[in-house]
Amino acid sequence: MAAELTAHDLIAQHRPTLDQALEAIRTRAYWSPHPEHPKAYGENGSLDMAAGKAAFDALLGTRLDLGQPGTDDWVGGEVSPYGVELGVTYPHADLDVLLPAMKAGQRAWRDAGAEIRAVVCLEILKRISDRTHEFAHAVMHTSGQAFMMAFQAGGPHAQDRGLEAVAYAYVEQVRTPDTAEWSKPQGKRDPLALTKQFTPVPRGIGLVIGCNTFPTWNGYPGLFASLATGNAVLVKPHPRAVLPLALTVQVARQVLTEAGFDPNLVALAAERPGEGIAKTLATRPEIRIIDYTGSTSFGDWLEANARQAQVYTEKAGVNTVIVESAGDYRGMLSNLAFSLSLYSGQMCTTPQNLLIPRDGIRTDQGPKTFDEVVADLARAIDGLLGDDARANALLGAIVNPDVKARLDAAAGLGEVALASREVANPDFPGAVVRTPVLVKLDGAKPDAEAAYMSECFGPVSFAVAVDSVTDAVELLRRTVREKGAMTVGAYTTDPEVEEAVQEVCLEEAAQLSLNLTGGVYVNQTAAFSDFHGSGGNPAANAALCDGAFVANRFRVVEVRREA
């Protein structure tokens with residue numbers, strides 16, 4: 001099939017965006033080419049709100065045929081956390097057929113060079129962006145996110161992370177020139193002269209193991225980092241969140257075909273219920289790169305057993321906030337209430353442990369005891385979620401029964417300062433919607449330590465009484481070192497305390513947010529500017545996104561010739 005997207009056209013259309021992305025990662029300033037507001041979509045052939053919903057509805061109950069080789073069955077079974085059966089079926093692959101087919105196109109993809117690969121990736125992202133409303137419904141009904149969060153996090157924010165990965169990949173590949181003329185003087189003799197050629201070569205097939213809660217946001221960095229560095233990519237979605245990544249694969253295959261490349265450079269590996277193909281895939285010799293977001297136990301297994309592959313993991317951590325003093329007490333409470341409530345705490349960045357001195361804290365509203373701080377935070381959460389319509393918009397739905405079980409069990413771990421309540425969703429009566437539980441614990445008691453030193457993923461947070469801010473800082477250090485943390489927060493008006501917390505985060509490699517009281521929250525990160533994770537503590541061995549995330553997905557091979 002003749003190419004429909006020429007290299008010249010792709011470069012003309014997308015090189016300016018790539019250059020802006022390169023500048024953004026250099027300056028770390030705010031920038032995004034993907035609008036956050038739903039009304040920004042609908043012109044120039046992109047889907048508006050109604051058309052996006054209609055496109056999603058049209059997918060329900062259908063077979064999503066990607067045209068992949070080696071399809072030996074059709075599988076599905078997704079049920080939305082909102083109670084809707086999606087009924088979409090996907091190709092099940094014979095790996096012995098699919099994986100060789102994926103490798104067949106890598107030579108041409110490698111030889112295309114870094115710039116062409118980058119602009120092809122940007123064309124894929126553009127077409128996904130044009131269908132943001134459709135993707136938003138797919139994310140909503142697989143993750144349980146409320147629509148607006150699914151639209152933003154699953155749409156423009158995910159697309160930003162994919163573009164960010166492409167930018168970093170491009171930088172690392174062009175760091176070495178394509179060719180060099182080398183001449184070494186030899187005194188009276190003629191110089192030694194060589195012509196040297198340097199080629200970034202891919203490692204092989206990258207495997208993206210998707211997660212249930214953020215299929216696109218967590219999936220796109222690895223997918224586009226591997227693709228932009230010349231690797232084929234096999235996408236293995238979470239069995240409860242296949243649709244958003246299957247649509248992504250569909251778009252990628254279409255663009256690759258139109259650009260004159262083998263569509264099998266990107267393929268889907270859907271699985272039968274209970275099949276559990278991730279371990280099988282992860283240890284196949286063809287798989288040379290793995291990107292994974294999920295539980296610590298499986299992340300550890302991948303790091304230990306997928307020895308033939310370069311493994312990038314984002315696992316679990318125990319995110320901690322120290323509350324020592326507050327210059328804006330109401331702002332602090334409001335910010336924390338939102339952070340604990342957003343998407344029912346089903347984010348790897350949501351705070352879990354709030355370390356508060358048992359003797360209380362200083363605030364702009366006078367001294368507050370430990371009990372007063374916890375009670376005021378409980379009231380702030382209750383006020384934020386008191387209206388059911390607003391609660392549904394913030395909380396979304398509980399993504400799976402395991403989260404609900406942890407939530408139900410948390411009330412028995414200590415004194416409940418704020419009980420979780422059920423929220424009815426009139427649009428989706430089958431949705432399980434629950435407000436957060438806030439539990440008080442005594443940090444000095446061993447039985448309490450068992451609770452706060454374990455990740456309790458979901459809408460569960462612990463207010464932990466500590467003897468002093470010094471104890472809080474040391475507990476923070478131990479938590480990050482032993483359990484890891486994707487985020488750390490602190491509230492203090494004392495420069496010495498701020499310095500102590502910052503030093504712990506520098507030494508233990510944890511990302512820190514200080515005294516957030518406005519519209520930025522500890523559990524949110526901005527592409528091109530913020531690093532998601534550090535790769536330096538047990539919560540993750542990689543950061544989204546930095547040079548280390550992309551540079552080892554390819555190697556530079558040199559060919560020398562006599563000049």
# chains A, B, ... in the order shown; residues from 1 in each chain; ligands from 1
>>> residues_around(residues="Leu47 in chain A", least_positions_apart="3", cutoff="8 Å", atoms="only C-alpha atoms", output="VMD selection string")
chain A and resid 41 to 43 50 to 52 130 to 134
>>> residues_around(residues="Ala448 in chain A", least_positions_apart="6", cutoff="12 Å", atoms="only C-alpha atoms", output="JSON, numbers by chain")
{"A": [353, 410, 412, 413, 414, 415, 439, 440, 441, 442, 454, 462, 463, 464, 465, 466]}
>>> residues_around(residues="range 492-507 of chain A", least_positions_apart="3", cutoff="8 Å", atoms="only C-alpha atoms", output="PDB file with N, CA, C and O atoms, in the first residue's frame")
ATOM      1  N   VAL A 323       2.112  17.662  58.832  1.00  0.00           N
ATOM      2  CA  VAL A 323       1.396  18.894  59.178  1.00  0.00           C
ATOM      3  C   VAL A 323       2.008  19.424  60.473  1.00  0.00           C
ATOM      4  O   VAL A 323       1.709  18.934  61.558  1.00  0.00           O
ATOM      5  N   GLU A 324       2.892  20.407  60.342  1.00  0.00           N
ATOM      6  CA  GLU A 324       3.592  20.959  61.521  1.00  0.00           C
ATOM      7  C   GLU A 324       3.018  22.300  61.931  1.00  0.00           C
ATOM      8  O   GLU A 324       2.890  22.608  63.117  1.00  0.00           O
ATOM      9  N   SER A 325       2.664  23.127  60.957  1.00  0.00           N
ATOM     10  CA  SER A 325       2.060  24.436  61.209  1.00  0.00           C
ATOM     11  C   SER A 325       1.463  24.911  59.893  1.00  0.00           C
ATOM     12  O   SER A 325       1.771  24.375  58.824  1.00  0.00           O
ATOM     13  N   ALA A 326       0.599  25.926  59.974  1.00  0.00           N
ATOM     14  CA  ALA A 326      -0.096  26.367  58.763  1.00  0.00           C
ATOM     15  C   ALA A 326      -0.249  27.873  58.761  1.00  0.00           C
ATOM     16  O   ALA A 326      -0.804  28.445  59.706  1.00  0.00           O
ATOM     17  N   GLY A 327       0.219  28.499  57.684  1.00  0.00           N
ATOM     18  CA  GLY A 327       0.016  29.935  57.517  1.00  0.00           C
ATOM     19  C   GLY A 327      -1.338  30.259  56.932  1.00  0.00           C
ATOM     20  O   GLY A 327      -1.803  31.387  57.025  1.00  0.00           O
ATOM     21  N   VAL A 469       7.679  17.029  65.778  1.00  0.00           N
ATOM     22  CA  VAL A 469       7.958  17.159  64.358  1.00  0.00           C
ATOM     23  C   VAL A 469       9.229  16.405  63.992  1.00  0.00           C
ATOM     24  O   VAL A 469       9.356  15.878  62.877  1.00  0.00           O
ATOM     25  N   VAL A 473       9.488  13.752  60.973  1.00  0.00           N
ATOM     26  CA  VAL A 473      10.484  13.760  59.902  1.00  0.00           C
ATOM     27  C   VAL A 473      11.191  12.409  59.805  1.00  0.00           C
ATOM     28  O   VAL A 473      11.420  11.888  58.705  1.00  0.00           O
ATOM     29  N   LEU A 476       8.808   9.926  58.310  1.00  0.00           N
ATOM     30  CA  LEU A 476       8.771  10.160  56.875  1.00  0.00           C
ATOM     31  C   LEU A 476       9.958   9.481  56.192  1.00  0.00           C
ATOM     32  O   LEU A 476       9.799   8.783  55.182  1.00  0.00           O
ATOM     33  N   ARG A 477      11.145   9.679  56.744  1.00  0.00           N
ATOM     34  CA  ARG A 477      12.328   9.085  56.145  1.00  0.00           C
ATOM     35  C   ARG A 477      12.206   7.554  56.082  1.00  0.00           C
ATOM     36  O   ARG A 477      12.477   6.933  55.054  1.00  0.00           O
ATOM     37  N   VAL A 488       5.233  13.379  48.483  1.00  0.00           N
ATOM     38  CA  VAL A 488       5.353  13.803  49.874  1.00  0.00           C
ATOM     39  C   VAL A 488       4.848  15.239  49.946  1.00  0.00           C
ATOM     40  O   VAL A 488       5.097  16.045  49.047  1.00  0.00           O
ATOM     41  N   ALA A 510      12.374  11.546  46.915  1.00  0.00           N
ATOM     42  CA  ALA A 510      10.913  11.616  46.889  1.00  0.00           C
ATOM     43  C   ALA A 510      10.494  13.022  46.457  1.00  0.00           C
ATOM     44  O   ALA A 510      11.083  14.018  46.895  1.00  0.00           O
ATOM     45  N   GLN A 511       9.464  13.094  45.614  1.00  0.00           N
ATOM     46  CA  GLN A 511       8.999  14.385  45.116  1.00  0.00           C
ATOM     47  C   GLN A 511       8.160  15.089  46.194  1.00  0.00           C
ATOM     48  O   GLN A 511       7.229  14.502  46.740  1.00  0.00           O
ATOM     49  N   LEU A 512       8.495  16.350  46.459  1.00  0.00           N
ATOM     50  CA  LEU A 512       7.943  17.088  47.602  1.00  0.00           C
ATOM     51  C   LEU A 512       7.114  18.282  47.144  1.00  0.00           C
ATOM     52  O   LEU A 512       7.521  19.032  46.263  1.00  0.00           O
ATOM     53  N   LEU A 514       5.253  21.638  49.010  1.00  0.00           N
ATOM     54  CA  LEU A 514       5.232  22.388  50.274  1.00  0.00           C
ATOM     55  C   LEU A 514       4.094  23.396  50.294  1.00  0.00           C
ATOM     56  O   LEU A 514       3.933  24.185  49.352  1.00  0.00           O
ATOM     57  N   ASN A 515       3.299  23.351  51.366  1.00  0.00           N
ATOM     58  CA  ASN A 515       2.322  24.393  51.691  1.00  0.00           C
ATOM     59  C   ASN A 515       1.356  24.690  50.544  1.00  0.00           C
ATOM     60  O   ASN A 515       1.064  25.843  50.239  1.00  0.00           O
TER      61      ASN A 515
END
>>> atom_distance(atom1="CA of Arg358 in chain A", atom2="CA of Glu482 in chain A")
23.9 Å
>>> select_by_dssp(residues="range 145-272 of chain A", states="helix (DSSP H, G or I)", output="count of residues only")
55
>>> residues_around(residues="Ala225 in chain A", least_positions_apart="2", cutoff="6 Å", atoms="only C-alpha atoms", output="ChimeraX atom specification")
/A:165-166,221-223,227-228,550
>>> residues_around(residues="range 305-307 of chain A", least_positions_apart="6", cutoff="9 Å", atoms="only C-alpha atoms", output="compact mmCIF listing (two decimals) with N, CA, C and O atoms, in the first residue's frame")
# COMPACT_ATOMS: atom_id res chain seq x y z
N LYS A 279 2.86 -12.73 32.82
CA LYS A 279 4.10 -13.42 33.15
C LYS A 279 4.66 -14.15 31.94
O LYS A 279 5.89 -14.17 31.72
N ALA A 282 6.13 -11.48 29.67
CA ALA A 282 7.27 -10.77 30.25
C ALA A 282 8.57 -11.53 30.16
O ALA A 282 9.65 -10.94 30.19
N THR A 283 8.51 -12.85 30.04
CA THR A 283 9.72 -13.65 30.00
C THR A 283 10.01 -14.21 28.61
O THR A 283 10.95 -14.99 28.44
N ARG A 284 9.23 -13.82 27.60
CA ARG A 284 9.53 -14.23 26.23
C ARG A 284 10.83 -13.56 25.77
O ARG A 284 11.06 -12.38 26.05
N ILE A 287 10.71 -10.09 24.03
CA ILE A 287 10.37 -8.88 24.81
C ILE A 287 11.64 -8.33 25.44
O ILE A 287 12.26 -8.96 26.28
N ARG A 288 12.01 -7.11 25.04
CA ARG A 288 13.27 -6.53 25.52
C ARG A 288 13.08 -5.30 26.40
O ARG A 288 14.03 -4.80 26.98
N ILE A 290 10.02 -3.57 29.19
CA ILE A 290 8.72 -3.73 29.87
C ILE A 290 8.39 -2.45 30.62
O ILE A 290 9.24 -1.93 31.36
>>> closest_residue(among="A:Cys211, A:Ala542, A:Ile124, A:Val522", to="Ala509 in chain A", atoms="only C-alpha atoms")
A:Ala542
>>> atom_distance(atom1="CA of Pro285 in chain A", atom2="CA of Lys103 in chain A")
12.1 Å
>>> residues_around(residues="Tyr90 in chain A", least_positions_apart="4", cutoff="10 Å", atoms="only C-alpha atoms", output="list in words")
Thr62, Arg63, Leu64, Asp65, Leu66, Thr71, Asp73, Trp74, Val75, Gly76, Gly77, Val242, Leu243, Ala246, Leu268, Ala269, Ala270, Glu271 and Arg272 of chain A
>>> select_by_dssp(residues="range 373-502 of chain A", states="strand (DSSP E)", output="PyMOL selection string")
chain A and resi 415-418+437-442+460-466+488-491
>>> write_last_selection(atoms="all heavy atoms", output="short mmCIF file (atom, residue, chain, number, x, y, z; two decimals), in the first residue's frame")
data_model
loop_
_atom_site.label_atom_id
_atom_site.label_comp_id
_atom_site.auth_asym_id
_atom_site.auth_seq_id
_atom_site.Cartn_x
_atom_site.Cartn_y
_atom_site.Cartn_z
N GLU A 415 -9.62 4.79 65.57
CA GLU A 415 -10.78 5.63 65.85
C GLU A 415 -11.20 6.37 64.59
O GLU A 415 -10.41 7.09 63.98
CB GLU A 415 -10.44 6.64 66.95
CG GLU A 415 -11.60 7.55 67.31
CD GLU A 415 -11.22 8.63 68.32
OE1 GLU A 415 -10.14 8.50 68.94
OE2 GLU A 415 -11.99 9.60 68.46
N VAL A 416 -12.44 6.19 64.19
CA VAL A 416 -12.92 6.79 62.95
C VAL A 416 -13.28 8.26 63.20
O VAL A 416 -14.17 8.57 64.00
CB VAL A 416 -14.13 6.03 62.40
CG1 VAL A 416 -14.70 6.73 61.17
CG2 VAL A 416 -13.75 4.59 62.07
N ALA A 417 -12.55 9.13 62.51
CA ALA A 417 -12.84 10.56 62.60
C ALA A 417 -13.87 10.99 61.57
O ALA A 417 -14.62 11.95 61.78
CB ALA A 417 -11.56 11.37 62.41
N LEU A 418 -13.90 10.29 60.45
CA LEU A 418 -14.90 10.55 59.42
C LEU A 418 -15.26 9.22 58.79
O LEU A 418 -14.40 8.54 58.21
CB LEU A 418 -14.35 11.50 58.34
CG LEU A 418 -15.29 11.78 57.17
CD1 LEU A 418 -16.52 12.56 57.63
CD2 LEU A 418 -14.57 12.54 56.06
N VAL A 437 -12.80 7.54 54.15
CA VAL A 437 -12.78 7.34 55.59
C VAL A 437 -11.49 7.93 56.12
O VAL A 437 -10.43 7.83 55.50
CB VAL A 437 -12.89 5.84 55.95
CG1 VAL A 437 -11.69 5.04 55.43
CG2 VAL A 437 -13.01 5.65 57.46
N LEU A 438 -11.57 8.60 57.25
CA LEU A 438 -10.41 9.18 57.92
C LEU A 438 -10.31 8.55 59.30
O LEU A 438 -11.24 8.63 60.10
CB LEU A 438 -10.58 10.71 58.03
CG LEU A 438 -9.47 11.48 58.75
CD1 LEU A 438 -8.13 11.31 58.06
CD2 LEU A 438 -9.84 12.97 58.84
N VAL A 439 -9.18 7.89 59.56
CA VAL A 439 -8.99 7.12 60.78
C VAL A 439 -7.84 7.70 61.59
O VAL A 439 -6.76 7.98 61.04
CB VAL A 439 -8.70 5.64 60.44
CG1 VAL A 439 -8.48 4.83 61.73
CG2 VAL A 439 -9.85 5.05 59.64
N LYS A 440 -8.06 7.88 62.90
CA LYS A 440 -7.00 8.36 63.78
C LYS A 440 -6.19 7.19 64.34
O LYS A 440 -6.76 6.18 64.78
CB LYS A 440 -7.59 9.17 64.95
CG LYS A 440 -8.20 10.49 64.51
CD LYS A 440 -8.42 11.44 65.67
CE LYS A 440 -9.56 11.03 66.56
NZ LYS A 440 -9.86 12.07 67.59
N LEU A 441 -4.86 7.34 64.31
CA LEU A 441 -3.97 6.31 64.83
C LEU A 441 -2.93 6.95 65.73
O LEU A 441 -2.53 8.10 65.52
CB LEU A 441 -3.25 5.58 63.68
CG LEU A 441 -4.10 4.80 62.68
CD1 LEU A 441 -3.22 4.29 61.55
CD2 LEU A 441 -4.83 3.65 63.37
N ASP A 442 -2.48 6.20 66.73
CA ASP A 442 -1.39 6.63 67.59
C ASP A 442 -0.09 6.07 67.03
O ASP A 442 0.12 4.85 67.02
CB ASP A 442 -1.61 6.14 69.02
CG ASP A 442 -0.60 6.72 70.00
OD1 ASP A 442 0.53 7.07 69.56
OD2 ASP A 442 -0.91 6.81 71.20
N VAL A 460 -8.88 5.86 51.73
CA VAL A 460 -8.54 5.61 53.14
C VAL A 460 -7.35 6.48 53.50
O VAL A 460 -6.33 6.47 52.81
CB VAL A 460 -8.18 4.13 53.37
CG1 VAL A 460 -7.77 3.91 54.83
CG2 VAL A 460 -9.34 3.22 52.98
N SER A 461 -7.47 7.23 54.57
CA SER A 461 -6.32 8.01 55.06
C SER A 461 -6.24 7.91 56.57
O SER A 461 -7.25 7.71 57.26
CB SER A 461 -6.41 9.47 54.61
OG SER A 461 -7.62 10.05 55.04
N PHE A 462 -5.02 8.04 57.07
CA PHE A 462 -4.75 7.91 58.50
C PHE A 462 -4.16 9.22 59.03
O PHE A 462 -3.19 9.73 58.49
CB PHE A 462 -3.77 6.77 58.76
CG PHE A 462 -4.23 5.43 58.28
CD1 PHE A 462 -3.55 4.76 57.28
CD2 PHE A 462 -5.36 4.83 58.84
CE1 PHE A 462 -3.98 3.52 56.83
CE2 PHE A 462 -5.81 3.59 58.39
CZ PHE A 462 -5.11 2.93 57.39
N ALA A 463 -4.79 9.74 60.09
CA ALA A 463 -4.22 10.86 60.83
C ALA A 463 -3.40 10.26 61.97
O ALA A 463 -3.96 9.69 62.92
CB ALA A 463 -5.32 11.77 61.36
N VAL A 464 -2.10 10.37 61.86
CA VAL A 464 -1.19 9.68 62.78
C VAL A 464 -0.61 10.68 63.77
O VAL A 464 0.06 11.64 63.38
CB VAL A 464 -0.06 8.98 62.00
CG1 VAL A 464 0.84 8.20 62.96
CG2 VAL A 464 -0.63 8.07 60.92
N ALA A 465 -0.88 10.45 65.05
CA ALA A 465 -0.34 11.31 66.10
C ALA A 465 1.11 10.92 66.37
O ALA A 465 1.41 9.75 66.65
CB ALA A 465 -1.16 11.18 67.37
N VAL A 466 2.01 11.90 66.28
CA VAL A 466 3.43 11.66 66.56
C VAL A 466 3.87 12.57 67.71
O VAL A 466 3.25 13.59 68.00
CB VAL A 466 4.30 11.92 65.31
CG1 VAL A 466 3.99 10.90 64.23
CG2 VAL A 466 4.09 13.33 64.78
N VAL A 488 5.23 13.38 48.48
CA VAL A 488 5.35 13.80 49.87
C VAL A 488 4.85 15.24 49.95
O VAL A 488 5.10 16.05 49.05
CB VAL A 488 6.81 13.74 50.37
CG1 VAL A 488 6.94 14.35 51.78
CG2 VAL A 488 7.32 12.30 50.37
N GLY A 489 4.12 15.55 51.02
CA GLY A 489 3.66 16.91 51.24
C GLY A 489 4.04 17.37 52.63
O GLY A 489 4.28 16.55 53.53
N ALA A 490 4.12 18.67 52.81
CA ALA A 490 4.39 19.21 54.15
C ALA A 490 3.77 20.60 54.26
O ALA A 490 3.75 21.37 53.30
CB ALA A 490 5.88 19.28 54.43
N TYR A 491 3.27 20.87 55.49
CA TYR A 491 2.75 22.18 55.83
C TYR A 491 3.53 22.68 57.03
O TYR A 491 3.50 22.06 58.10
CB TYR A 491 1.25 22.12 56.13
CG TYR A 491 0.42 21.86 54.91
CD1 TYR A 491 0.12 20.56 54.51
CD2 TYR A 491 -0.04 22.92 54.13
CE1 TYR A 491 -0.63 20.32 53.38
CE2 TYR A 491 -0.79 22.69 52.99
CZ TYR A 491 -1.08 21.38 52.62
OH TYR A 491 -1.81 21.15 51.49
#
>>> closest_atom_pairs(of="range 145-244 of chain A", to="range 24-34 of chain A", cutoff="9 Å", atoms="only C-alpha atoms", output="JSON lines")
{"residue": "A:Gly155", "atom": "CA", "partner": "A:His34", "partner_atom": "CA", "distance": 8.4}
{"residue": "A:Pro156", "atom": "CA", "partner": "A:His34", "partner_atom": "CA", "distance": 5.0}
{"residue": "A:His157", "atom": "CA", "partner": "A:His34", "partner_atom": "CA", "distance": 7.7}
{"residue": "A:Gln159", "atom": "CA", "partner": "A:His34", "partner_atom": "CA", "distance": 7.3}
{"residue": "A:Asp160", "atom": "CA", "partner": "A:Ser32", "partner_atom": "CA", "distance": 6.6}
{"residue": "A:Glu164", "atom": "CA", "partner": "A:Ile25", "partner_atom": "CA", "distance": 7.6}
{"residue": "A:Ala167", "atom": "CA", "partner": "A:Ile25", "partner_atom": "CA", "distance": 7.9}
{"residue": "A:Tyr168", "atom": "CA", "partner": "A:Ile25", "partner_atom": "CA", "distance": 8.0}
>>> atom_distance(atom1="CA of Gly484 in chain A", atom2="CA of Tyr521 in chain A")
19.4 Å
>>> residues_around(residues="Gly294 in chain A", least_positions_apart="3", cutoff="10 Å", atoms="only C-alpha atoms", output="ChimeraX atom specification")
/A:209-213,218,238,297-299,313-316,348
>>> write_last_selection(atoms="N, CA, C and O atoms", output="PDB file, in the first residue's frame")
ATOM      1  N   ILE A 209       2.387  -3.113  30.056  1.00  0.00           N
ATOM      2  CA  ILE A 209       1.392  -3.814  30.876  1.00  0.00           C
ATOM      3  C   ILE A 209       0.516  -2.747  31.529  1.00  0.00           C
ATOM      4  O   ILE A 209       0.947  -2.027  32.422  1.00  0.00           O
ATOM      5  N   GLY A 210      -0.712  -2.622  31.038  1.00  0.00           N
ATOM      6  CA  GLY A 210      -1.572  -1.530  31.449  1.00  0.00           C
ATOM      7  C   GLY A 210      -2.185  -1.716  32.820  1.00  0.00           C
ATOM      8  O   GLY A 210      -2.258  -2.827  33.352  1.00  0.00           O
ATOM      9  N   CYS A 211      -2.644  -0.600  33.393  1.00  0.00           N
ATOM     10  CA  CYS A 211      -3.289  -0.636  34.707  1.00  0.00           C
ATOM     11  C   CYS A 211      -4.773  -0.323  34.566  1.00  0.00           C
ATOM     12  O   CYS A 211      -5.231   0.201  33.550  1.00  0.00           O
ATOM     13  N   ASN A 212      -5.528  -0.646  35.607  1.00  0.00           N
ATOM     14  CA  ASN A 212      -6.978  -0.496  35.611  1.00  0.00           C
ATOM     15  C   ASN A 212      -7.400   0.956  35.805  1.00  0.00           C
ATOM     16  O   ASN A 212      -8.394   1.409  35.221  1.00  0.00           O
ATOM     17  N   THR A 213      -6.656   1.702  36.604  1.00  0.00           N
ATOM     18  CA  THR A 213      -7.132   3.018  37.031  1.00  0.00           C
ATOM     19  C   THR A 213      -6.795   4.140  36.064  1.00  0.00           C
ATOM     20  O   THR A 213      -7.580   5.068  35.894  1.00  0.00           O
ATOM     21  N   ASN A 218      -1.038   6.268  32.363  1.00  0.00           N
ATOM     22  CA  ASN A 218       0.111   5.458  32.736  1.00  0.00           C
ATOM     23  C   ASN A 218       0.656   4.637  31.563  1.00  0.00           C
ATOM     24  O   ASN A 218       1.808   4.204  31.588  1.00  0.00           O
ATOM     25  N   HIS A 238      -4.879  -4.058  31.136  1.00  0.00           N
ATOM     26  CA  HIS A 238      -5.531  -4.705  32.263  1.00  0.00           C
ATOM     27  C   HIS A 238      -6.853  -5.278  31.752  1.00  0.00           C
ATOM     28  O   HIS A 238      -7.568  -4.624  30.984  1.00  0.00           O
ATOM     29  N   SER A 297       4.026  -6.385  44.393  1.00  0.00           N
ATOM     30  CA  SER A 297       4.408  -7.801  44.291  1.00  0.00           C
ATOM     31  C   SER A 297       4.709  -8.183  42.848  1.00  0.00           C
ATOM     32  O   SER A 297       5.728  -8.843  42.573  1.00  0.00           O
ATOM     33  N   PHE A 298       3.859  -7.774  41.894  1.00  0.00           N
ATOM     34  CA  PHE A 298       4.130  -8.148  40.513  1.00  0.00           C
ATOM     35  C   PHE A 298       5.263  -7.315  39.926  1.00  0.00           C
ATOM     36  O   PHE A 298       6.051  -7.805  39.107  1.00  0.00           O
ATOM     37  N   GLY A 299       5.379  -6.059  40.356  1.00  0.00           N
ATOM     38  CA  GLY A 299       6.504  -5.250  39.910  1.00  0.00           C
ATOM     39  C   GLY A 299       7.830  -5.854  40.347  1.00  0.00           C
ATOM     40  O   GLY A 299       8.797  -5.920  39.577  1.00  0.00           O
ATOM     41  N   THR A 313       9.200   0.137  36.224  1.00  0.00           N
ATOM     42  CA  THR A 313       8.042  -0.141  37.065  1.00  0.00           C
ATOM     43  C   THR A 313       7.604   1.083  37.850  1.00  0.00           C
ATOM     44  O   THR A 313       8.432   1.867  38.328  1.00  0.00           O
ATOM     45  N   GLU A 314       6.292   1.226  37.965  1.00  0.00           N
ATOM     46  CA  GLU A 314       5.704   2.129  38.961  1.00  0.00           C
ATOM     47  C   GLU A 314       4.838   1.262  39.848  1.00  0.00           C
ATOM     48  O   GLU A 314       3.851   0.688  39.390  1.00  0.00           O
ATOM     49  N   LYS A 315       5.226   1.149  41.109  1.00  0.00           N
ATOM     50  CA  LYS A 315       4.566   0.222  42.024  1.00  0.00           C
ATOM     51  C   LYS A 315       3.826   1.017  43.104  1.00  0.00           C
ATOM     52  O   LYS A 315       3.335   2.111  42.868  1.00  0.00           O
ATOM     53  N   ALA A 316       3.711   0.441  44.262  1.00  0.00           N
ATOM     54  CA  ALA A 316       2.969   1.074  45.352  1.00  0.00           C
ATOM     55  C   ALA A 316       3.911   1.835  46.271  1.00  0.00           C
ATOM     56  O   ALA A 316       5.094   1.541  46.365  1.00  0.00           O
ATOM     57  N   CYS A 348      -2.052   6.670  42.592  1.00  0.00           N
ATOM     58  CA  CYS A 348      -0.793   6.317  43.241  1.00  0.00           C
ATOM     59  C   CYS A 348      -0.159   7.507  43.929  1.00  0.00           C
ATOM     60  O   CYS A 348       0.811   7.354  44.681  1.00  0.00           O
TER      61      CYS A 348
END
>>> closest_residue(among="A:Arg110, A:Lys196, A:Lys53, A:His8", to="Arg560 in chain A", atoms="only C-alpha atoms")
A:Lys196
>>> decode(residues="range 11-19 of chain A", atoms="N, CA, C and O atoms", output="PDB file, in the first residue's frame")
ATOM      1  N   ILE A  11       6.567  16.146   8.783  1.00  0.00           N
ATOM      2  CA  ILE A  11       7.515  17.076   9.395  1.00  0.00           C
ATOM      3  C   ILE A  11       6.953  18.491   9.372  1.00  0.00           C
ATOM      4  O   ILE A  11       7.030  19.228  10.369  1.00  0.00           O
ATOM      5  N   ALA A  12       6.372  18.879   8.250  1.00  0.00           N
ATOM      6  CA  ALA A  12       5.803  20.232   8.160  1.00  0.00           C
ATOM      7  C   ALA A  12       4.701  20.442   9.185  1.00  0.00           C
ATOM      8  O   ALA A  12       4.574  21.531   9.776  1.00  0.00           O
ATOM      9  N   GLN A  13       3.890  19.411   9.409  1.00  0.00           N
ATOM     10  CA  GLN A  13       2.756  19.566  10.321  1.00  0.00           C
ATOM     11  C   GLN A  13       3.179  19.495  11.780  1.00  0.00           C
ATOM     12  O   GLN A  13       2.662  20.245  12.622  1.00  0.00           O
ATOM     13  N   HIS A  14       4.110  18.592  12.107  1.00  0.00           N
ATOM     14  CA  HIS A  14       4.352  18.284  13.511  1.00  0.00           C
ATOM     15  C   HIS A  14       5.698  18.760  14.065  1.00  0.00           C
ATOM     16  O   HIS A  14       5.874  18.759  15.285  1.00  0.00           O
ATOM     17  N   ARG A  15       6.627  19.163  13.198  1.00  0.00           N
ATOM     18  CA  ARG A  15       7.910  19.618  13.726  1.00  0.00           C
ATOM     19  C   ARG A  15       7.756  20.833  14.644  1.00  0.00           C
ATOM     20  O   ARG A  15       8.429  20.913  15.688  1.00  0.00           O
ATOM     21  N   PRO A  16       6.879  21.807  14.346  1.00  0.00           N
ATOM     22  CA  PRO A  16       6.718  22.925  15.278  1.00  0.00           C
ATOM     23  C   PRO A  16       6.263  22.479  16.671  1.00  0.00           C
ATOM     24  O   PRO A  16       6.733  23.017  17.678  1.00  0.00           O
ATOM     25  N   THR A  17       5.352  21.504  16.734  1.00  0.00           N
ATOM     26  CA  THR A  17       4.912  20.998  18.044  1.00  0.00           C
ATOM     27  C   THR A  17       6.049  20.291  18.762  1.00  0.00           C
ATOM     28  O   THR A  17       6.232  20.460  19.972  1.00  0.00           O
ATOM     29  N   LEU A  18       6.820  19.499  18.021  1.00  0.00           N
ATOM     30  CA  LEU A  18       7.973  18.836  18.634  1.00  0.00           C
ATOM     31  C   LEU A  18       8.949  19.861  19.179  1.00  0.00           C
ATOM     32  O   LEU A  18       9.454  19.712  20.306  1.00  0.00           O
ATOM     33  N   ASP A  19       9.209  20.924  18.433  1.00  0.00           N
ATOM     34  CA  ASP A  19      10.136  21.956  18.903  1.00  0.00           C
ATOM     35  C   ASP A  19       9.616  22.645  20.164  1.00  0.00           C
ATOM     36  O   ASP A  19      10.391  22.951  21.079  1.00  0.00           O
TER      37      ASP A  19
END
